[in-house]
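Everything below concerns the one structure shown next.
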Amino acid sequence: MAALGVTPVRVGTLRRVTSDHPYFASWDVARLKAVEDFCRIVEAPRAAGIMELGAMDPYAYFLLEGELRLEARDGGVRTVRAGELDAGFPIAHLRPARYRVQAGSGARLLRIEGSQLKRFAPRRGSARFVVGDASVGGSWKSHPLVSAIIRHMREGRLPIPSMPGVALRIRRALAKESSDMAAIAAIIGADPGIAGRLIRVSNSTAFGGRSACDTVQAALVRLGLERAQNMVLVLATRDLFRTDAAHLKARMLKSWRHAIDIAALAAVLSRLTPGLNSDRGLLVGLLHEIGALPILRLAEDFPDLAERPMILDEILAGLTPEVSAAVLDQWGMGEAFRTAALHQENWFRDHDGEADYPDVLVVAHLHLMVRERAFHRLPRLDETPAFARLALGGLSPQLSLTVLDEAREQVQELRSLLA
């Protein structure tokens, strides 16, 4: 077997070889200097073995030049090339290794001890904020807003938004044996804004509109009661993402737009996955961000966050999953919604059985964050249990993004309908 050439690397060379690598985009010189003693450049002749299947290799590898051949346990083989999306991640970083990795043409890699990579990689944390008249340093978890949220949750006083009235009235009507389509149409028609948007949805190509519907009842016939009920909740939820606090309006809008993007991706992923329903995937995606609302309501009492929006972003990222689960519990949305919200960024969540909506939400987040180039916080798509369970599990991360690119028109239409 061809031997690997392994050489130490100094910080100047380390800066040069990582300058164009997306994983290291947020690394400064001090951080690179801290890991230089634990780094090596690996020159790998064609067919040289980098890693064996099932290995407990303590290193993380990053492809700098050339290409690698990855062979999975089931015999599936694919090629990773420098500069492609797949090469933006550590190569086969899970342990035990899920791939046999072999050098292709011109392979050159950066090898870093995994423990040091974890130790020095950029992470959420240090911040400064104001408590009373004093400036305090520490993690976002130390901000008094966090204590207030936890206290309100423990005491059952979290300002959880009520389910939109029109959606609640439809749910109650459908629970009665005597309800019919005319009664549901009357409930929707009493809210002209929702009625107009529901007719627009029914006329969209995303929902099979070929001839124009011009009444709520016609829209209900086209969509069906279950789909219409879901869409009314979707459309009404938009009105919850509003605030009178000037410094929070932009953040509220950001949360809503994020929910829309995830909902659109979740709808497409659900459509591509046997056994899942696109409409339900859309709703799961849209409501996963609902926990941001109580957090932002309480944030109105902490004006120092207006000057330090990054701290608020950290608090939202850290607490929204748990608070969303609490809101969806109170709304009676069911276990799938609660679990999806709670584990929305739990990349390695695993379970028995076929793909579920929490899997869809995880993969939707990974796709969106890859587009945003958040590489330092992401695992490889194909090393997550959720990705393997979806219909996309037979594809590489690069090809799965191609599939979604081909579905771009549907994603854009869904975003337009929900915006």
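Labeling convention for the structure tokens: chains A, B, ... as they appear, residues from 1 per chain, ligands from 1 in order of appearance.
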
Long-range neighbours of region 107-118 of chain A as a PyMOL selection string, 10 Å cut-off, only C-alpha atoms, 5 positions minimum in chain: chain A and resi 4-9+14+17-18+31+34-48+50+57-68+81-82+90-91+93+102+123

I need the chosen residues saved as a CSV table (one decimal), in the first residue's frame, with C-alpha atoms.
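Produced file part_32.csv, reproduced below:
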chain,number,residue,atom,x,y,z
A,4,LEU,CA,1.4,8.7,3.3
A,5,GLY,CA,3.7,11.7,3.5
A,6,VAL,CA,3.1,13.5,6.8
A,7,THR,CA,4.8,16.8,7.6
A,8,PRO,CA,4.4,19.3,10.5
A,9,VAL,CA,2.9,22.7,9.6
A,14,LEU,CA,-1.7,26.9,8.2
A,17,VAL,CA,-3.9,26.4,3.3
A,18,THR,CA,-7.0,27.3,5.3
A,31,ARG,CA,-6.8,30.2,17.1
A,34,ALA,CA,-3.1,27.4,19.2
A,35,VAL,CA,-3.6,24.3,17.1
A,36,GLU,CA,-0.4,24.4,14.9
A,37,ASP,CA,1.4,21.9,17.0
A,38,PHE,CA,-1.5,19.4,16.5
A,39,CYS,CA,-1.7,19.8,12.7
A,40,ARG,CA,0.0,18.0,9.9
A,41,ILE,CA,-0.1,18.2,6.1
A,42,VAL,CA,-0.8,14.8,4.6
A,43,GLU,CA,0.3,14.1,1.0
A,44,ALA,CA,-1.5,10.9,-0.2
A,45,PRO,CA,-0.5,9.1,-3.4
A,46,ARG,CA,-3.3,7.6,-5.5
A,47,ALA,CA,-4.9,4.6,-3.8
A,48,ALA,CA,-3.3,5.3,-0.5
A,50,ILE,CA,-6.4,7.4,4.7
A,57,ASP,CA,-8.7,7.4,14.3
A,58,PRO,CA,-8.3,10.4,16.7
A,59,TYR,CA,-7.8,12.9,13.8
A,60,ALA,CA,-10.0,15.2,11.8
A,61,TYR,CA,-9.2,15.4,8.1
A,62,PHE,CA,-9.9,18.3,5.7
A,63,LEU,CA,-9.4,17.9,2.0
A,64,LEU,CA,-7.3,20.8,0.6
A,65,GLU,CA,-6.5,19.6,-2.9
A,66,GLY,CA,-7.3,16.6,-5.2
A,67,GLU,CA,-10.0,14.0,-4.5
A,68,LEU,CA,-10.9,11.2,-2.1
A,81,ARG,CA,-13.3,16.7,-4.6
A,82,ALA,CA,-11.6,19.8,-3.2
A,90,PRO,CA,-14.3,17.2,8.1
A,91,ILE,CA,-14.0,14.0,6.1
A,93,HIS,CA,-15.4,12.5,11.2
A,102,GLN,CA,-8.8,6.2,0.0
A,123,ARG,CA,-18.2,28.4,19.8

Contact residues around Leu293 (chain A) with only C-alpha atoms at 12 Å, ignoring same-chain residues under 6 positions, as a short mmCIF file (atom, residue, chain, number, x, y, z; two decimals) with C-alpha atoms, in the first residue's frame:
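So selection01.cif came out as:
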data_model
loop_
_atom_site.label_atom_id
_atom_site.label_comp_id
_atom_site.auth_asym_id
_atom_site.auth_seq_id
_atom_site.Cartn_x
_atom_site.Cartn_y
_atom_site.Cartn_z
CA ILE A 149 -37.68 32.79 30.91
CA LEU A 158 -44.66 32.03 30.20
CA PRO A 159 -46.53 34.44 27.87
CA ILE A 160 -47.49 31.71 25.43
CA PRO A 161 -49.41 33.06 22.43
CA SER A 162 -52.91 31.72 21.98
CA THR A 237 -49.65 32.29 12.50
CA ARG A 238 -48.04 35.01 10.42
CA ASP A 239 -50.01 37.65 12.33
CA LEU A 240 -48.49 36.50 15.63
CA PHE A 241 -45.00 37.61 14.55
CA ARG A 242 -45.63 41.28 15.25
CA THR A 243 -44.48 43.64 18.00
CA LEU A 248 -37.49 43.96 18.25
CA LYS A 249 -39.39 44.37 14.97
CA ARG A 251 -35.72 40.33 14.99
CA MET A 252 -39.37 39.27 14.89
CA LEU A 253 -39.32 39.54 11.08
CA LYS A 254 -36.09 37.55 10.97
CA SER A 255 -37.68 34.73 12.99
CA TRP A 256 -40.70 34.65 10.69
CA LEU A 287 -44.32 26.19 13.81
CA ALA A 299 -37.17 40.68 25.84
CA GLU A 300 -39.19 43.92 25.65
CA LEU A 316 -33.09 32.67 20.92
CA LEU A 319 -33.95 28.50 24.21
CA THR A 320 -36.33 28.55 21.24
CA PRO A 321 -36.44 24.72 20.81
CA VAL A 323 -40.00 27.01 24.46
CA SER A 324 -41.45 26.02 21.05
CA ALA A 326 -43.99 24.09 25.36
CA VAL A 327 -46.13 26.27 23.08
#

Neighbour list for region 198-202 of chain A as a ChimeraX atom specification, cut-off 8 Å, only C-alpha atoms, skip fewer than 4 positions in-chain: /A:194,207-209,213-216,219,222-223,228,231-232,235,417

For the residues selected in the previous step, produce a file with C-alpha atoms as a short mmCIF file (atom, residue, chain, number, x, y, z; two decimals), in the first residue's frame.
data_model
loop_
_atom_site.label_atom_id
_atom_site.label_comp_id
_atom_site.auth_asym_id
_atom_site.auth_seq_id
_atom_site.Cartn_x
_atom_site.Cartn_y
_atom_site.Cartn_z
CA ILE A 194 -57.47 34.80 6.02
CA PHE A 207 -51.59 23.31 -4.38
CA GLY A 208 -52.85 22.12 -7.75
CA GLY A 209 -54.69 25.22 -8.91
CA CYS A 213 -61.42 29.50 -7.24
CA ASP A 214 -63.22 32.68 -6.24
CA THR A 215 -65.02 31.61 -3.03
CA VAL A 216 -63.92 30.12 0.26
CA ALA A 219 -61.16 26.67 -2.04
CA ARG A 222 -60.07 21.95 -3.83
CA LEU A 223 -57.87 21.74 -0.75
CA ALA A 228 -57.44 23.77 4.54
CA MET A 231 -53.24 26.19 5.82
CA VAL A 232 -55.50 28.43 7.90
CA LEU A 235 -51.68 31.79 7.40
CA LEU A 417 -47.57 32.46 -0.30
#

Near-His343 (chain A) list (9 Å; only C-alpha atoms; drop same-chain fewer than 2 positions) as a count of residues only: 14

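One finds CA of Arg197 (chain A) at 9.1 Å from CA of Leu418 (chain A).
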
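When CA of Ala364 (chain A) is paired with CA of Glu335 (chain A), their separation reads 19.0 Å.
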
Selection near Arg389 (chain A), 9 Å with only C-alpha atoms, sequence-local residues under 4 positions removed, as number ranges by chain: A: 273, 353-356, 359, 385, 393

Filtering to C-alpha atoms, could you give me those residues as a PDB file, in the first residue's frame?
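As a result, out_13.pdb now contains:
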ATOM      1  CA  THR A 273     -39.990  11.038   1.318  1.00  0.00           C
ATOM      2  CA  GLY A 353     -38.449   2.943  12.258  1.00  0.00           C
ATOM      3  CA  GLU A 354     -38.948   5.023   9.134  1.00  0.00           C
ATOM      4  CA  ALA A 355     -38.300   8.723   8.542  1.00  0.00           C
ATOM      5  CA  ASP A 356     -40.439  11.120  10.578  1.00  0.00           C
ATOM      6  CA  ASP A 359     -35.926  14.008  10.680  1.00  0.00           C
ATOM      7  CA  PRO A 385     -29.236   9.519  11.006  1.00  0.00           C
ATOM      8  CA  GLY A 393     -30.328   9.069   2.019  1.00  0.00           C
TER       9      GLY A 393
END

Alpha helix (DSSP H) positions in region 250-315 of chain A, given as an MDAnalysis selection string: chainID A and resid 250:272 278:287 292:299 309:315

Selection to disk with N, CA and C atoms, as a compact mmCIF listing (two decimals), in the first residue's frame:
# COMPACT_ATOMS: atom_id res chain seq x y z
N ALA A 250 -37.30 44.05 13.79
CA ALA A 250 -36.43 43.39 12.82
C ALA A 250 -36.17 41.94 13.23
N ARG A 251 -36.00 41.70 14.54
CA ARG A 251 -35.72 40.33 14.99
C ARG A 251 -36.94 39.46 14.86
N MET A 252 -38.13 40.02 15.07
CA MET A 252 -39.37 39.27 14.89
C MET A 252 -39.53 38.87 13.42
N LEU A 253 -39.24 39.82 12.52
CA LEU A 253 -39.32 39.54 11.08
C LEU A 253 -38.31 38.49 10.68
N LYS A 254 -37.12 38.55 11.27
CA LYS A 254 -36.09 37.55 10.97
C LYS A 254 -36.55 36.15 11.37
N SER A 255 -37.18 36.04 12.54
CA SER A 255 -37.68 34.73 12.99
C SER A 255 -38.75 34.20 12.04
N TRP A 256 -39.64 35.09 11.60
CA TRP A 256 -40.70 34.65 10.69
C TRP A 256 -40.12 34.20 9.36
N ARG A 257 -39.17 34.97 8.82
CA ARG A 257 -38.57 34.58 7.53
C ARG A 257 -37.81 33.26 7.64
N HIS A 258 -37.15 33.06 8.78
CA HIS A 258 -36.47 31.78 8.99
C HIS A 258 -37.49 30.64 9.02
N ALA A 259 -38.62 30.86 9.72
CA ALA A 259 -39.67 29.84 9.77
C ALA A 259 -40.20 29.54 8.37
N ILE A 260 -40.37 30.56 7.54
CA ILE A 260 -40.85 30.36 6.17
C ILE A 260 -39.87 29.52 5.37
N ASP A 261 -38.58 29.86 5.46
CA ASP A 261 -37.57 29.12 4.70
C ASP A 261 -37.54 27.65 5.11
N ILE A 262 -37.56 27.41 6.42
CA ILE A 262 -37.55 26.03 6.90
C ILE A 262 -38.83 25.30 6.49
N ALA A 263 -39.97 25.99 6.58
CA ALA A 263 -41.25 25.38 6.20
C ALA A 263 -41.25 24.98 4.73
N ALA A 264 -40.74 25.86 3.86
CA ALA A 264 -40.70 25.55 2.43
C ALA A 264 -39.80 24.34 2.16
N LEU A 265 -38.61 24.30 2.79
CA LEU A 265 -37.72 23.16 2.61
C LEU A 265 -38.33 21.89 3.18
N ALA A 266 -38.97 21.99 4.35
CA ALA A 266 -39.59 20.81 4.96
C ALA A 266 -40.72 20.26 4.10
N ALA A 267 -41.48 21.15 3.44
CA ALA A 267 -42.55 20.69 2.55
C ALA A 267 -41.98 19.91 1.38
N VAL A 268 -40.90 20.40 0.77
CA VAL A 268 -40.28 19.72 -0.36
C VAL A 268 -39.68 18.39 0.08
N LEU A 269 -38.96 18.39 1.20
CA LEU A 269 -38.36 17.15 1.69
C LEU A 269 -39.41 16.12 2.04
N SER A 270 -40.53 16.54 2.62
CA SER A 270 -41.60 15.60 2.97
C SER A 270 -42.23 15.02 1.71
N ARG A 271 -42.37 15.85 0.68
CA ARG A 271 -42.94 15.35 -0.59
C ARG A 271 -42.04 14.29 -1.21
N LEU A 272 -40.73 14.43 -1.02
CA LEU A 272 -39.78 13.49 -1.61
C LEU A 272 -39.62 12.21 -0.80
N SER A 278 -46.56 16.41 2.53
CA SER A 278 -45.97 17.72 2.29
C SER A 278 -46.63 18.82 3.13
N ASP A 279 -47.97 18.78 3.24
CA ASP A 279 -48.67 19.82 4.01
C ASP A 279 -48.27 19.78 5.48
N ARG A 280 -48.18 18.57 6.01
CA ARG A 280 -47.82 18.44 7.43
C ARG A 280 -46.37 18.87 7.64
N GLY A 281 -45.49 18.53 6.69
CA GLY A 281 -44.10 18.99 6.77
C GLY A 281 -44.01 20.50 6.77
N LEU A 282 -44.84 21.14 5.94
CA LEU A 282 -44.90 22.60 5.90
C LEU A 282 -45.27 23.17 7.27
N LEU A 283 -46.28 22.59 7.90
CA LEU A 283 -46.76 23.09 9.18
C LEU A 283 -45.73 22.85 10.29
N VAL A 284 -45.11 21.68 10.28
CA VAL A 284 -44.05 21.39 11.25
C VAL A 284 -42.93 22.41 11.12
N GLY A 285 -42.54 22.69 9.86
CA GLY A 285 -41.47 23.66 9.64
C GLY A 285 -41.83 25.05 10.09
N LEU A 286 -43.06 25.46 9.82
CA LEU A 286 -43.46 26.82 10.16
C LEU A 286 -43.55 27.02 11.67
N LEU A 287 -44.06 26.03 12.38
CA LEU A 287 -44.32 26.19 13.81
C LEU A 287 -43.11 25.90 14.69
N ALA A 292 -40.00 31.47 19.68
CA ALA A 292 -39.33 32.77 19.67
C ALA A 292 -40.27 33.87 20.18
N LEU A 293 -41.58 33.67 20.02
CA LEU A 293 -42.54 34.72 20.38
C LEU A 293 -42.53 35.04 21.88
N PRO A 294 -42.70 34.05 22.77
CA PRO A 294 -42.65 34.39 24.20
C PRO A 294 -41.31 34.98 24.62
N ILE A 295 -40.22 34.49 24.01
CA ILE A 295 -38.90 35.02 24.36
C ILE A 295 -38.80 36.49 23.98
N LEU A 296 -39.27 36.82 22.78
CA LEU A 296 -39.20 38.21 22.33
C LEU A 296 -40.16 39.10 23.12
N ARG A 297 -41.31 38.55 23.54
CA ARG A 297 -42.22 39.35 24.38
C ARG A 297 -41.52 39.73 25.70
N LEU A 298 -40.86 38.76 26.33
CA LEU A 298 -40.16 39.05 27.58
C LEU A 298 -38.95 39.95 27.35
N ALA A 299 -38.34 39.86 26.15
CA ALA A 299 -37.17 40.68 25.84
C ALA A 299 -37.50 42.17 25.80
N PRO A 309 -27.71 43.10 19.96
CA PRO A 309 -28.60 42.12 19.34
C PRO A 309 -28.00 40.72 19.23
N MET A 310 -26.67 40.62 19.23
CA MET A 310 -26.06 39.29 19.12
C MET A 310 -26.35 38.44 20.35
N ILE A 311 -26.46 39.08 21.52
CA ILE A 311 -26.80 38.33 22.73
C ILE A 311 -28.21 37.77 22.62
N LEU A 312 -29.12 38.60 22.10
CA LEU A 312 -30.49 38.12 21.92
C LEU A 312 -30.52 36.96 20.93
N ASP A 313 -29.72 37.03 19.89
CA ASP A 313 -29.65 35.91 18.93
C ASP A 313 -29.20 34.63 19.62
N GLU A 314 -28.20 34.75 20.52
CA GLU A 314 -27.72 33.58 21.24
C GLU A 314 -28.80 33.00 22.14
N ILE A 315 -29.54 33.88 22.81
CA ILE A 315 -30.61 33.43 23.70
C ILE A 315 -31.70 32.72 22.90

Proximity to Tyr357 (chain A) - best of A:Ala336, A:Ala72, A:Val146, A:Ile170, only C-alpha atoms: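 Of all the options, A:Ala336 lies closest to Tyr357 (chain A).
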
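Those residues that approach region 172-174 of chain A to within 10 Å, counting only C-alpha atoms, are Ala167, Ser179, Asp180, Met181, Ala183, Ile184, Ile187, Leu225, Glu226 and Gln229 of chain A; same-chain residues fewer than 5 positions away are not listed.
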
Between CA of Ala175 (chain A) and CA of Gly193 (chain A), distance in Å (one decimal): 24.2 Å

Among the residues A:Gln412, A:Gln330, A:Arg227, A:Glu383, the one that comes closest to Arg95 (chain A) [using only C-alpha atoms]: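 When distances to Arg95 (chain A) are compared using only C-alpha atoms, the smallest one comes from A:Glu383.
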